[in-house]
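Coordinates as given in structure26.txt (compact mmCIF, C-alpha atoms):
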# COMPACT_ATOMS: atom_id res chain seq x y z
CA MET A 1 87.77 42.35 171.69
CA TRP A 2 90.28 42.35 174.57
CA GLN A 3 88.83 39.10 175.93
CA THR A 4 89.28 37.51 172.50
CA LEU A 5 92.85 38.77 172.31
CA ARG A 6 93.63 37.43 175.78
CA ARG A 7 92.17 34.06 174.83
CA ASP A 8 94.07 33.83 171.50
CA ALA A 9 97.40 35.17 172.77
CA ALA A 10 100.23 32.70 173.11
CA PRO A 11 103.92 32.94 174.07
CA SER A 12 104.88 31.58 170.63
CA ALA A 13 103.11 34.52 168.93
CA LEU A 14 104.97 37.02 171.10
CA LEU A 15 108.28 35.26 170.45
CA ALA A 16 107.63 35.30 166.69
CA ALA A 17 106.87 39.05 166.82
CA VAL A 18 109.99 39.82 168.84
CA LEU A 19 112.18 37.75 166.51
CA ALA A 20 110.65 39.34 163.40
CA LEU A 21 111.28 42.88 164.62
CA LEU A 22 114.73 41.98 165.93
CA VAL A 23 115.62 41.04 162.36
CA GLY A 24 113.79 44.10 161.01
CA PHE A 25 115.53 46.56 163.31
CA SER A 26 119.03 45.18 162.79
CA GLY A 27 120.07 45.61 159.17
CA PRO A 28 117.23 47.72 157.66
CA PHE A 29 117.44 50.24 160.50
CA LEU A 30 121.15 50.76 159.85
CA ILE A 31 120.37 51.39 156.17
CA ILE A 32 118.19 54.32 157.25
CA VAL A 33 120.97 55.63 159.49
CA HIS A 34 123.52 55.31 156.67
CA ALA A 35 121.17 57.14 154.26
CA ALA A 36 120.56 59.93 156.79
CA GLN A 37 124.29 60.39 157.38
CA SER A 38 125.01 60.42 153.64
CA ALA A 39 122.39 63.14 153.13
CA GLY A 40 123.66 65.22 156.04
CA LEU A 41 120.42 65.05 158.02
CA SER A 42 120.46 66.24 161.61
CA SER A 43 120.10 63.89 164.58
CA ALA A 44 116.60 65.28 165.22
CA GLN A 45 115.58 64.60 161.61
CA LEU A 46 116.89 61.03 161.86
CA ALA A 47 115.00 60.46 165.13
CA SER A 48 111.81 61.81 163.52
CA TRP A 49 112.35 59.51 160.52
CA VAL A 50 112.61 56.51 162.84
CA TRP A 51 109.53 57.70 164.78
CA ALA A 52 107.50 58.12 161.59
CA VAL A 53 108.20 54.75 159.97
CA SER A 54 107.92 52.84 163.27
CA ILE A 55 104.69 54.46 164.51
CA GLY A 56 103.19 54.29 161.01
CA SER A 57 104.06 50.59 160.69
CA GLY A 58 102.80 49.84 164.20
CA VAL A 59 99.42 51.57 164.01
CA ALA A 60 98.64 50.33 160.49
CA GLY A 61 99.75 46.76 161.21
CA LEU A 62 97.78 46.67 164.45
CA TRP A 63 94.61 47.84 162.72
CA LEU A 64 94.97 45.52 159.71
CA SER A 65 95.69 42.47 161.90
CA LEU A 66 92.56 43.12 164.00
CA ARG A 67 90.48 44.03 160.95
CA TRP A 68 91.20 40.82 159.03
CA LYS A 69 92.09 38.51 161.96
CA ALA A 70 95.32 37.72 160.14
CA PRO A 71 99.00 38.41 160.92
CA VAL A 72 99.43 41.42 158.64
CA ILE A 73 103.07 42.35 159.25
CA THR A 74 104.11 45.82 158.16
CA ALA A 75 107.49 47.46 157.75
CA TRP A 76 109.14 50.49 156.27
CA SER A 77 110.32 50.07 152.69
CA THR A 78 113.84 48.62 152.86
CA PRO A 79 114.32 48.90 149.05
CA GLY A 80 113.12 52.48 149.38
CA ALA A 81 115.72 53.17 152.06
CA ALA A 82 118.37 51.65 149.79
CA LEU A 83 117.23 53.95 146.98
CA LEU A 84 117.59 56.92 149.32
CA LEU A 85 121.20 55.95 149.99
CA ALA A 86 121.92 56.88 146.38
CA ALA A 87 119.38 59.61 145.69
CA LEU A 88 118.82 61.53 148.94
CA PRO A 89 122.24 63.27 149.17
CA GLY A 90 121.49 65.26 146.00
CA VAL A 91 117.98 66.39 146.96
CA PRO A 92 117.09 69.20 149.39
CA TYR A 93 115.28 67.67 152.35
CA PRO A 94 111.95 69.56 151.87
CA GLU A 95 111.87 68.35 148.25
CA ALA A 96 112.55 64.80 149.46
CA VAL A 97 109.58 65.10 151.83
CA GLY A 98 107.48 66.28 148.88
CA ALA A 99 108.61 63.18 146.96
CA PHE A 100 107.64 60.98 149.93
CA LEU A 101 104.15 62.50 149.79
CA ALA A 102 103.92 61.99 146.04
CA ALA A 103 105.01 58.34 146.29
CA ALA A 104 102.49 57.73 149.09
CA SER A 105 99.75 59.34 146.98
CA ILE A 106 100.54 57.03 144.06
CA VAL A 107 100.42 53.95 146.29
CA THR A 108 97.15 55.09 147.88
CA LEU A 109 95.51 55.71 144.50
CA VAL A 110 96.67 52.34 143.18
CA GLY A 111 95.25 50.63 146.27
CA ALA A 112 91.94 52.51 146.43
CA SER A 113 91.26 52.11 142.71
CA GLY A 114 91.86 48.36 142.74
CA LEU A 115 94.50 48.70 140.00
CA PHE A 116 97.25 46.97 141.98
CA ASP A 117 97.22 43.67 140.08
CA LYS A 118 96.73 45.36 136.68
CA LEU A 119 99.59 47.80 137.13
CA MET A 120 101.94 45.03 138.20
CA ALA A 121 101.42 43.41 134.81
CA LEU A 122 102.65 46.55 132.99
CA PHE A 123 106.10 46.44 134.60
CA PRO A 124 107.24 42.79 134.74
CA PRO A 125 108.52 41.56 138.13
CA ALA A 126 111.85 40.66 136.51
CA LEU A 127 112.48 44.31 135.64
CA ALA A 128 111.46 45.49 139.10
CA ALA A 129 113.88 42.96 140.62
CA ALA A 130 116.64 44.14 138.27
CA LEU A 131 116.00 47.78 139.23
CA LEU A 132 116.32 46.91 142.90
CA ALA A 133 119.47 44.84 142.28
CA GLY A 134 121.08 47.72 140.40
CA ILE A 135 120.35 50.14 143.22
CA LEU A 136 121.71 47.73 145.85
CA PHE A 137 124.83 46.72 143.94
CA HIS A 138 126.88 49.82 144.80
CA PHE A 139 126.16 49.62 148.51
CA VAL A 140 127.01 45.95 148.83
CA GLY A 141 130.20 46.62 146.88
CA GLU A 142 131.01 49.44 149.29
CA VAL A 143 131.87 46.80 151.89
CA VAL A 144 134.83 45.72 149.73
CA SER A 145 136.01 49.34 149.52
CA GLU A 146 135.85 49.65 153.32
CA ALA A 147 138.12 46.61 153.63
CA ALA A 148 141.01 48.65 152.21
CA GLY A 149 141.17 50.81 155.33
CA HIS A 150 139.56 48.55 157.95
CA LEU A 151 140.52 45.05 156.85
CA GLY A 152 140.31 43.39 160.27
CA LEU A 153 136.85 44.75 161.08
CA VAL A 154 135.40 43.87 157.68
CA LEU A 155 136.94 40.38 157.60
CA VAL A 156 135.67 39.48 161.07
CA MET A 157 132.16 40.79 160.36
CA ALA A 158 132.03 39.14 156.94
CA GLY A 159 133.37 35.83 158.24
CA LEU A 160 130.91 35.68 161.11
CA PHE A 161 128.06 36.78 158.83
CA PHE A 162 128.65 34.00 156.28
CA ILE A 163 129.28 31.37 158.94
CA GLY A 164 126.01 32.47 160.50
CA ARG A 165 124.23 32.21 157.15
CA ARG A 166 125.14 28.52 157.25
CA TRP A 167 124.51 27.65 160.90
CA PHE A 168 122.23 30.32 162.41
CA PRO A 169 120.77 32.37 159.51
CA ARG A 170 118.24 34.34 161.55
CA TYR A 171 120.93 35.72 163.84
CA ALA A 172 123.83 36.01 161.37
CA LEU A 173 123.57 39.76 160.92
CA LEU A 174 123.05 40.41 164.62
CA ALA A 175 126.15 38.37 165.43
CA ALA A 176 128.21 40.27 162.85
CA ILE A 177 127.05 43.66 164.19
CA ALA A 178 127.82 42.60 167.77
CA ALA A 179 131.31 41.47 166.77
CA GLY A 180 131.91 44.71 164.87
CA ALA A 181 130.75 46.80 167.83
CA ALA A 182 133.08 44.88 170.15
CA LEU A 183 136.06 45.38 167.82
CA SER A 184 135.40 49.10 167.39
CA ALA A 185 134.42 49.88 170.98
CA GLY A 186 137.22 52.43 171.21
CA GLU A 187 135.83 54.36 168.23
CA LEU A 188 132.28 54.87 169.51
CA HIS A 189 131.10 58.48 169.10
CA ALA A 190 129.14 58.70 172.32
CA PRO A 191 129.39 62.52 172.79
CA ALA A 192 127.82 63.19 169.36
CA ALA A 193 124.88 60.91 170.12
CA SER A 194 124.31 61.89 173.74
CA ALA A 195 122.48 65.11 172.80
CA LEU A 196 119.51 63.12 171.51
CA PRO A 197 116.64 62.52 173.96
CA ILE A 198 115.67 58.91 174.63
CA VAL A 199 112.07 59.54 173.59
CA ALA A 200 111.83 60.61 169.95
CA MET A 201 109.83 63.68 168.96
CA PRO A 202 108.32 63.99 165.48
CA LEU A 203 109.74 66.90 163.50
CA PHE A 204 107.43 68.39 160.86
CA THR A 205 108.99 69.50 157.58
CA TRP A 206 106.93 71.53 155.12
CA PRO A 207 107.11 69.68 151.77
CA ALA A 208 108.39 71.37 148.62
CA TRP A 209 107.62 70.36 145.05
CA SER A 210 110.29 69.52 142.52
CA TRP A 211 109.98 67.66 139.22
CA ALA A 212 113.51 66.31 139.67
CA ALA A 213 112.62 64.90 143.08
CA PHE A 214 109.37 63.49 141.68
CA VAL A 215 111.02 61.54 138.87
CA ASN A 216 114.18 60.59 140.78
CA LEU A 217 112.57 59.73 144.11
CA ALA A 218 108.78 59.54 144.06
CA LEU A 219 108.28 57.31 141.01
CA PRO A 220 111.02 54.77 141.91
CA LEU A 221 109.88 54.76 145.57
CA ALA A 222 106.30 53.97 144.56
CA LEU A 223 107.37 51.30 142.06
CA LEU A 224 109.71 49.61 144.53
CA ALA A 225 107.06 49.66 147.26
CA LEU A 226 104.46 48.07 144.99
CA THR A 227 106.69 45.46 143.37
CA SER A 228 109.30 44.67 146.02
CA GLN A 229 107.16 44.92 149.16
CA PHE A 230 103.41 44.70 148.51
CA LEU A 231 103.64 42.00 145.84
CA PRO A 232 105.73 39.51 147.88
CA GLY A 233 103.94 40.57 151.08
CA MET A 234 100.58 39.59 149.60
CA ALA A 235 102.16 36.36 148.29
CA VAL A 236 103.31 35.41 151.82
CA LEU A 237 99.83 36.01 153.25
CA ARG A 238 98.15 33.95 150.54
CA THR A 239 100.74 31.17 150.83
CA PHE A 240 99.65 30.63 154.43
CA GLY A 241 95.96 30.76 153.55
CA TYR A 242 95.04 34.39 154.34
CA ASP A 243 92.93 35.56 151.40
CA ILE A 244 92.90 39.31 152.02
CA PRO A 245 91.96 41.63 149.13
CA ALA A 246 95.07 43.60 148.14
CA ARG A 247 93.07 46.84 148.08
CA SER A 248 92.81 46.94 151.87
CA PRO A 249 96.49 46.79 152.95
CA VAL A 250 97.77 48.77 149.97
CA THR A 251 95.30 51.61 150.63
CA ALA A 252 95.70 51.58 154.42
CA LEU A 253 99.50 51.61 154.25
CA GLY A 254 99.42 54.27 151.53
CA VAL A 255 97.39 56.50 153.88
CA ALA A 256 99.81 55.75 156.73
CA SER A 257 102.66 56.80 154.44
CA LEU A 258 100.83 60.01 153.56
CA LEU A 259 100.40 60.91 157.22
CA THR A 260 104.01 60.17 158.18
CA ALA A 261 105.75 61.66 155.12
CA PRO A 262 105.98 65.25 156.50
CA LEU A 263 107.68 63.75 159.58
CA GLY A 264 110.36 62.09 157.43
CA GLY A 265 108.75 58.71 156.75
CA HIS A 266 109.71 57.43 153.29
CA GLY A 267 106.97 54.79 153.16
CA VAL A 268 105.18 52.10 155.13
CA THR A 269 104.56 48.82 153.32
CA LEU A 270 103.82 45.15 153.79
CA ALA A 271 106.73 43.11 155.10
CA ALA A 272 107.81 40.09 153.13
CA ILE A 273 110.77 38.28 154.69
CA ILE A 274 109.97 38.89 158.36
CA ALA A 275 106.28 38.28 157.64
CA ALA A 276 106.99 34.59 157.11
CA ILE A 277 108.14 34.34 160.75
CA CYS A 278 104.71 35.44 162.00
CA THR A 279 102.44 33.78 159.43
CA GLY A 280 103.76 30.23 159.74
CA PRO A 281 103.01 27.51 162.32
CA GLU A 282 105.92 28.68 164.49
CA ALA A 283 103.76 31.65 165.55
CA HIS A 284 100.81 29.42 166.52
CA PRO A 285 99.63 25.95 165.48
CA ASP A 286 96.11 27.33 164.95
CA ARG A 287 96.11 29.50 161.81
CA SER A 288 93.07 31.46 163.00
CA ARG A 289 94.96 32.66 166.09
CA ARG A 290 98.20 33.77 164.41
CA TYR A 291 96.79 37.28 163.98
CA VAL A 292 97.95 37.92 167.54
CA ALA A 293 101.54 37.91 166.25
CA GLY A 294 100.57 40.84 164.01
CA VAL A 295 99.04 42.61 167.02
CA PHE A 296 102.22 42.08 169.05
CA CYS A 297 104.32 43.37 166.13
CA GLY A 298 102.21 46.52 165.96
CA LEU A 299 102.53 47.19 169.68
CA ILE A 300 106.32 46.61 169.67
CA TYR A 301 106.69 48.91 166.65
CA ILE A 302 104.92 51.69 168.56
CA VAL A 303 107.18 51.26 171.58
CA MET A 304 110.29 51.21 169.38
CA GLY A 305 109.09 54.33 167.59
CA MET A 306 108.68 56.18 170.88
CA LEU A 307 112.26 55.17 171.73
CA GLY A 308 113.48 56.33 168.34
CA GLY A 309 115.77 58.88 169.93
CA ALA A 310 117.63 56.18 171.86
CA LEU A 311 117.84 53.97 168.75
CA ALA A 312 119.18 56.84 166.66
CA ALA A 313 121.68 57.75 169.39
CA LEU A 314 122.91 54.15 169.56
CA ALA A 315 123.33 53.98 165.79
CA LEU A 316 125.03 57.38 165.56
CA ALA A 317 127.57 56.25 168.16
CA LEU A 318 128.76 53.49 165.81
CA PRO A 319 131.74 54.25 163.54
CA LYS A 320 131.04 54.65 159.82
CA PRO A 321 132.98 51.52 158.67
CA LEU A 322 130.79 49.38 160.91
CA LEU A 323 127.61 51.03 159.56
CA VAL A 324 128.70 50.62 155.94
CA THR A 325 129.63 46.96 156.46
CA ALA A 326 126.46 46.14 158.38
CA ALA A 327 124.26 47.90 155.80
CA GLY A 328 125.98 46.01 152.97
CA GLN A 329 125.49 42.70 154.75
CA ALA A 330 121.85 43.52 155.42
CA LEU A 331 121.36 44.08 151.69
CA PHE A 332 123.38 41.04 150.58
CA GLY A 333 120.54 38.51 150.65
CA THR A 334 118.14 40.94 148.98
CA LEU A 335 120.68 41.60 146.21
CA ALA A 336 121.15 37.86 145.63
CA SER A 337 117.42 37.15 145.47
CA SER A 338 116.81 40.20 143.26
CA LEU A 339 119.47 39.12 140.75
CA SER A 340 118.06 35.60 140.75
CA ALA A 341 114.52 36.85 140.11
CA ALA A 342 115.72 39.28 137.46
CA LEU A 343 117.57 36.71 135.38
CA ALA A 344 115.40 33.64 135.99
CA ASP A 345 112.70 34.82 133.56
CA ALA A 346 114.05 33.97 130.10
CA GLU A 347 111.41 36.08 128.35
CA HIS A 348 112.56 39.30 130.03
CA ARG A 349 116.19 38.43 130.73
CA GLU A 350 117.78 40.93 128.32
CA SER A 351 115.47 43.74 129.42
CA ALA A 352 116.18 42.95 133.05
CA LEU A 353 119.94 42.92 132.42
CA LEU A 354 119.76 46.34 130.77
CA THR A 355 117.69 47.64 133.68
CA PHE A 356 120.29 46.34 136.14
CA VAL A 357 123.26 47.80 134.24
CA VAL A 358 121.72 51.26 133.95
CA ALA A 359 120.59 51.31 137.59
CA ALA A 360 124.00 50.11 138.81
CA SER A 361 125.83 52.71 136.69
CA GLY A 362 124.67 55.58 138.89
CA ILE A 363 124.23 57.78 135.82
CA ASN A 364 122.72 61.22 136.29
CA PHE A 365 121.71 62.83 133.00
CA ALA A 366 119.52 65.88 132.37
CA GLY A 367 118.77 66.08 136.07
CA LEU A 368 117.33 62.54 136.07
CA GLY A 369 118.87 59.79 138.18
CA ALA A 370 119.82 56.22 137.29
CA PRO A 371 116.63 54.55 138.65
CA LEU A 372 114.39 56.46 136.24
CA TRP A 373 116.69 55.88 133.25
CA ALA A 374 116.83 52.20 134.20
CA MET A 375 113.02 51.99 134.27
CA LEU A 376 112.77 53.71 130.89
CA ALA A 377 115.53 51.68 129.22
CA GLY A 378 114.35 48.34 130.53
CA GLY A 379 110.69 49.09 129.83
CA LEU A 380 111.35 50.21 126.25
CA LEU A 381 113.53 47.19 125.48
CA CYS A 382 110.88 44.93 126.97
CA ARG A 383 108.22 46.43 124.70
CA LEU A 384 110.59 46.24 121.72
CA LEU A 385 111.43 42.57 122.17
CA THR A 386 108.03 41.23 123.24
CA PRO A 387 106.10 41.87 119.97
CA ALA A 388 108.86 40.18 117.98
CA LYS A 389 108.30 36.84 119.67
CA PRO A 390 104.98 35.93 117.97
CA MET A 391 106.53 36.80 114.57
CA ALA A 392 109.49 34.58 115.34
CA ARG A 393 107.18 31.72 116.26
CA LYS A 394 105.26 32.15 112.98
CA ALA A 395 108.52 32.09 111.02
CA GLU A 396 109.60 28.93 112.82
CA THR A 397 106.24 27.30 112.07
CA ALA A 398 106.46 28.23 108.36
CA ALA A 399 110.01 26.88 108.12
CA ALA A 400 108.90 23.62 109.72
CA ARG A 401 106.28 23.18 107.02
Rewrite the coordinates I just gave you, this time as structure tokens.
Amino acid sequence: MWQTLRRDAAPSALLAAVLALLVGFSGPFLIIVHAAQSAGLSSAQLASWVWAVSIGSGVAGLWLSLRWKAPVITAWSTPGAALLLAALPGVPYPEAVGAFLAAASIVTLVGASGLFDKLMALFPPALAAALLAGILFHFVGEVVSEAAGHLGLVLVMAGLFFIGRRWFPRYALLAAIAAGAALSAGELHAPAASALPIVAMPLFTWPAWSWAAFVNLALPLALLALTSQFLPGMAVLRTFGYDIPARSPVTALGVASLLTAPLGGHGVTLAAIIAAICTGPEAHPDRSRRYVAGVFCGLIYIVMGMLGGALAALALALPKPLLVTAAGQALFGTLASSLSAALADAEHRESALLTFVVAASGINFAGLGAPLWAMLAGGLLCRLLTPAKPMARKAETAAAR
């Protein structure tokens, strides 16, 4: 095996892996940090969270890439992390860990049973996109609120980010974060972060069961992982000619999520956006040898996970306005694409709009959060409107006669 790897390895595959994870560890990582700070998690819990999602992604991606000889790129669930920004502050941490386990169990069962494609048909992609857009809307809008007290920082970061989206899109967010760090160098909280060791240590938390955490966290986490990560992730693989049965990655990553949940991991999934960097011809002209990019990604993930303490310390040293702005910019493109996907489907447009409005409202009623109410409202309206369409077509046909 090692001789085959040495033969197939190429500098372009390593470069693709480094670039993919550079993008993955810029914005999405800061979303995790922002969520941990909002929930009041300790530095050790944050470092364990980073360790869990990084090691889980690395080991699972490494195995899947070697198993299928394809660049199977894994990642933690960025939509899931965005959900936790809203939901985690109101949930005791042991109950959140229990919800992580429940979500991972749902994903594993869906993968092992082969029901992935069938279940996706029950909740239209437009509604899933609207749910994600509603969750993200508040946190992208938070950047505007930050401008009231830190106008110079936000304007510089936003200007550089949007200029970068035009001229150097892959590095736009990195450039904005670098500029923000330079402007706020005098506000770095180095003493608070210095207590963390460079090498991260996993911190076990005994899970606790709660129906509120199950419906507010576990169900939306599982749905977002399946629709917003696994579905586009499989589409990217198949677009580049890798015909892998969905059962394998969904089950394997569900098991990885189960194992890492007690350590703080909120879910390991297929990557979508960064996967395109490693599955295309830029990684290697020979499609059969691009799997090495997935192997490199797995190895880098493992190294980054071991250094989770240093990553967490670096992020904790950054001032909150910079974190909020960077997290909002990291979610900007996802919000735009989610809104586009939600409203592009004319058949489900009204249901998707209702899902978005309820999710964006942040309502909390009867102990149930906005994501669940959005799923229920959008799903019910979808079922209400869909049966009426055949009747309308019959009426139109009769009138034409």
Residue among A:Gly61, A:Pro71, A:Gly254, A:Pro79 lying closest to Ala102 in chain A, counting only C-alpha atoms: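 Closest residue, counting only C-alpha atoms: A:Gly254.
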For each of A:Pro124, A:Gly80, A:Gly294, A:Gly233, take the minimum atom-to-atom distance to Ala99 in chain A, counting all atoms listed in the file, then give the residue where this is smallest.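 Checking each candidate against Ala99 in chain A, we get A:Gly80 as the closest.
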Quick one: residues within 9 Å of range 333-347 of chain A, only C-alpha atoms counted, chain neighbours fewer than 3 positions away excluded, as a PyMOL selection string? chain A and resi 79+125-134+136-137+140+329-330+350-353+356+382+385-386
Only C-alpha atoms, please: the residues just picked out, written as a compact mmCIF listing (two decimals), in the frame of the given file.
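New file again11.txt:
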# COMPACT_ATOMS: atom_id res chain seq x y z
CA PRO A 79 114.32 48.90 149.05
CA PRO A 125 108.52 41.56 138.13
CA ALA A 126 111.85 40.66 136.51
CA LEU A 127 112.48 44.31 135.64
CA ALA A 128 111.46 45.49 139.10
CA ALA A 129 113.88 42.96 140.62
CA ALA A 130 116.64 44.14 138.27
CA LEU A 131 116.00 47.78 139.23
CA LEU A 132 116.32 46.91 142.90
CA ALA A 133 119.47 44.84 142.28
CA GLY A 134 121.08 47.72 140.40
CA LEU A 136 121.71 47.73 145.85
CA PHE A 137 124.83 46.72 143.94
CA VAL A 140 127.01 45.95 148.83
CA GLN A 329 125.49 42.70 154.75
CA ALA A 330 121.85 43.52 155.42
CA GLU A 350 117.78 40.93 128.32
CA SER A 351 115.47 43.74 129.42
CA ALA A 352 116.18 42.95 133.05
CA LEU A 353 119.94 42.92 132.42
CA PHE A 356 120.29 46.34 136.14
CA CYS A 382 110.88 44.93 126.97
CA LEU A 385 111.43 42.57 122.17
CA THR A 386 108.03 41.23 123.24
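CA of Leu323 in chain A is positioned 16.7 Å from CA of Ala47 in chain A.
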Write range 156-174 of chain A as a compact mmCIF listing (two decimals), in the frame of the given file, completed to N, CA, C and O atoms.
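Below is the file selection-v1.txt, written as the result:
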# COMPACT_ATOMS: atom_id res chain seq x y z
N VAL A 156 136.33 40.15 159.95
CA VAL A 156 135.67 39.48 161.07
C VAL A 156 134.16 39.51 160.89
O VAL A 156 133.48 38.49 161.08
N MET A 157 133.61 40.68 160.55
CA MET A 157 132.16 40.79 160.36
C MET A 157 131.68 39.92 159.20
O MET A 157 130.66 39.23 159.31
N ALA A 158 132.42 39.94 158.09
CA ALA A 158 132.03 39.14 156.94
C ALA A 158 132.12 37.64 157.25
O ALA A 158 131.22 36.87 156.90
N GLY A 159 133.22 37.24 157.91
CA GLY A 159 133.37 35.83 158.24
C GLY A 159 132.27 35.33 159.14
O GLY A 159 131.67 34.27 158.90
N LEU A 160 131.96 36.09 160.19
CA LEU A 160 130.91 35.68 161.11
C LEU A 160 129.55 35.71 160.44
O LEU A 160 128.70 34.84 160.68
N PHE A 161 129.34 36.69 159.55
CA PHE A 161 128.06 36.78 158.83
C PHE A 161 127.83 35.55 157.97
O PHE A 161 126.75 34.94 157.99
N PHE A 162 128.84 35.14 157.20
CA PHE A 162 128.65 34.00 156.28
C PHE A 162 128.63 32.67 157.03
O PHE A 162 127.93 31.75 156.61
N ILE A 163 129.39 32.57 158.10
CA ILE A 163 129.28 31.37 158.94
C ILE A 163 127.87 31.28 159.52
O ILE A 163 127.24 30.22 159.55
N GLY A 164 127.37 32.44 159.96
CA GLY A 164 126.01 32.47 160.50
C GLY A 164 124.97 32.13 159.47
O GLY A 164 123.95 31.50 159.78
N ARG A 165 125.18 32.54 158.22
CA ARG A 165 124.23 32.21 157.15
C ARG A 165 124.10 30.70 156.99
O ARG A 165 123.07 30.20 156.55
N ARG A 166 125.16 29.99 157.36
CA ARG A 166 125.14 28.52 157.25
C ARG A 166 124.54 27.86 158.47
O ARG A 166 123.74 26.93 158.36
N TRP A 167 124.88 28.36 159.68
CA TRP A 167 124.51 27.65 160.90
C TRP A 167 123.38 28.32 161.69
O TRP A 167 122.62 27.63 162.37
N PHE A 168 123.30 29.63 161.67
CA PHE A 168 122.23 30.32 162.41
C PHE A 168 121.77 31.54 161.60
O PHE A 168 122.04 32.67 161.95
N PRO A 169 121.08 31.29 160.47
CA PRO A 169 120.77 32.37 159.51
C PRO A 169 119.97 33.52 160.09
O PRO A 169 120.16 34.67 159.68
N ARG A 170 119.07 33.25 161.02
CA ARG A 170 118.24 34.34 161.55
C ARG A 170 119.05 35.33 162.39
O ARG A 170 118.67 36.49 162.54
N TYR A 171 120.15 34.87 162.94
CA TYR A 171 120.93 35.72 163.84
C TYR A 171 122.29 36.10 163.25
O TYR A 171 123.12 36.68 163.94
N ALA A 172 122.51 35.77 161.98
CA ALA A 172 123.83 36.01 161.37
C ALA A 172 124.19 37.49 161.39
O ALA A 172 125.31 37.87 161.77
N LEU A 173 123.27 38.34 160.98
CA LEU A 173 123.57 39.76 160.92
C LEU A 173 123.75 40.35 162.32
O LEU A 173 124.65 41.16 162.55
N LEU A 174 122.91 39.93 163.25
CA LEU A 174 123.05 40.41 164.62
C LEU A 174 124.40 40.04 165.21
O LEU A 174 125.05 40.85 165.89
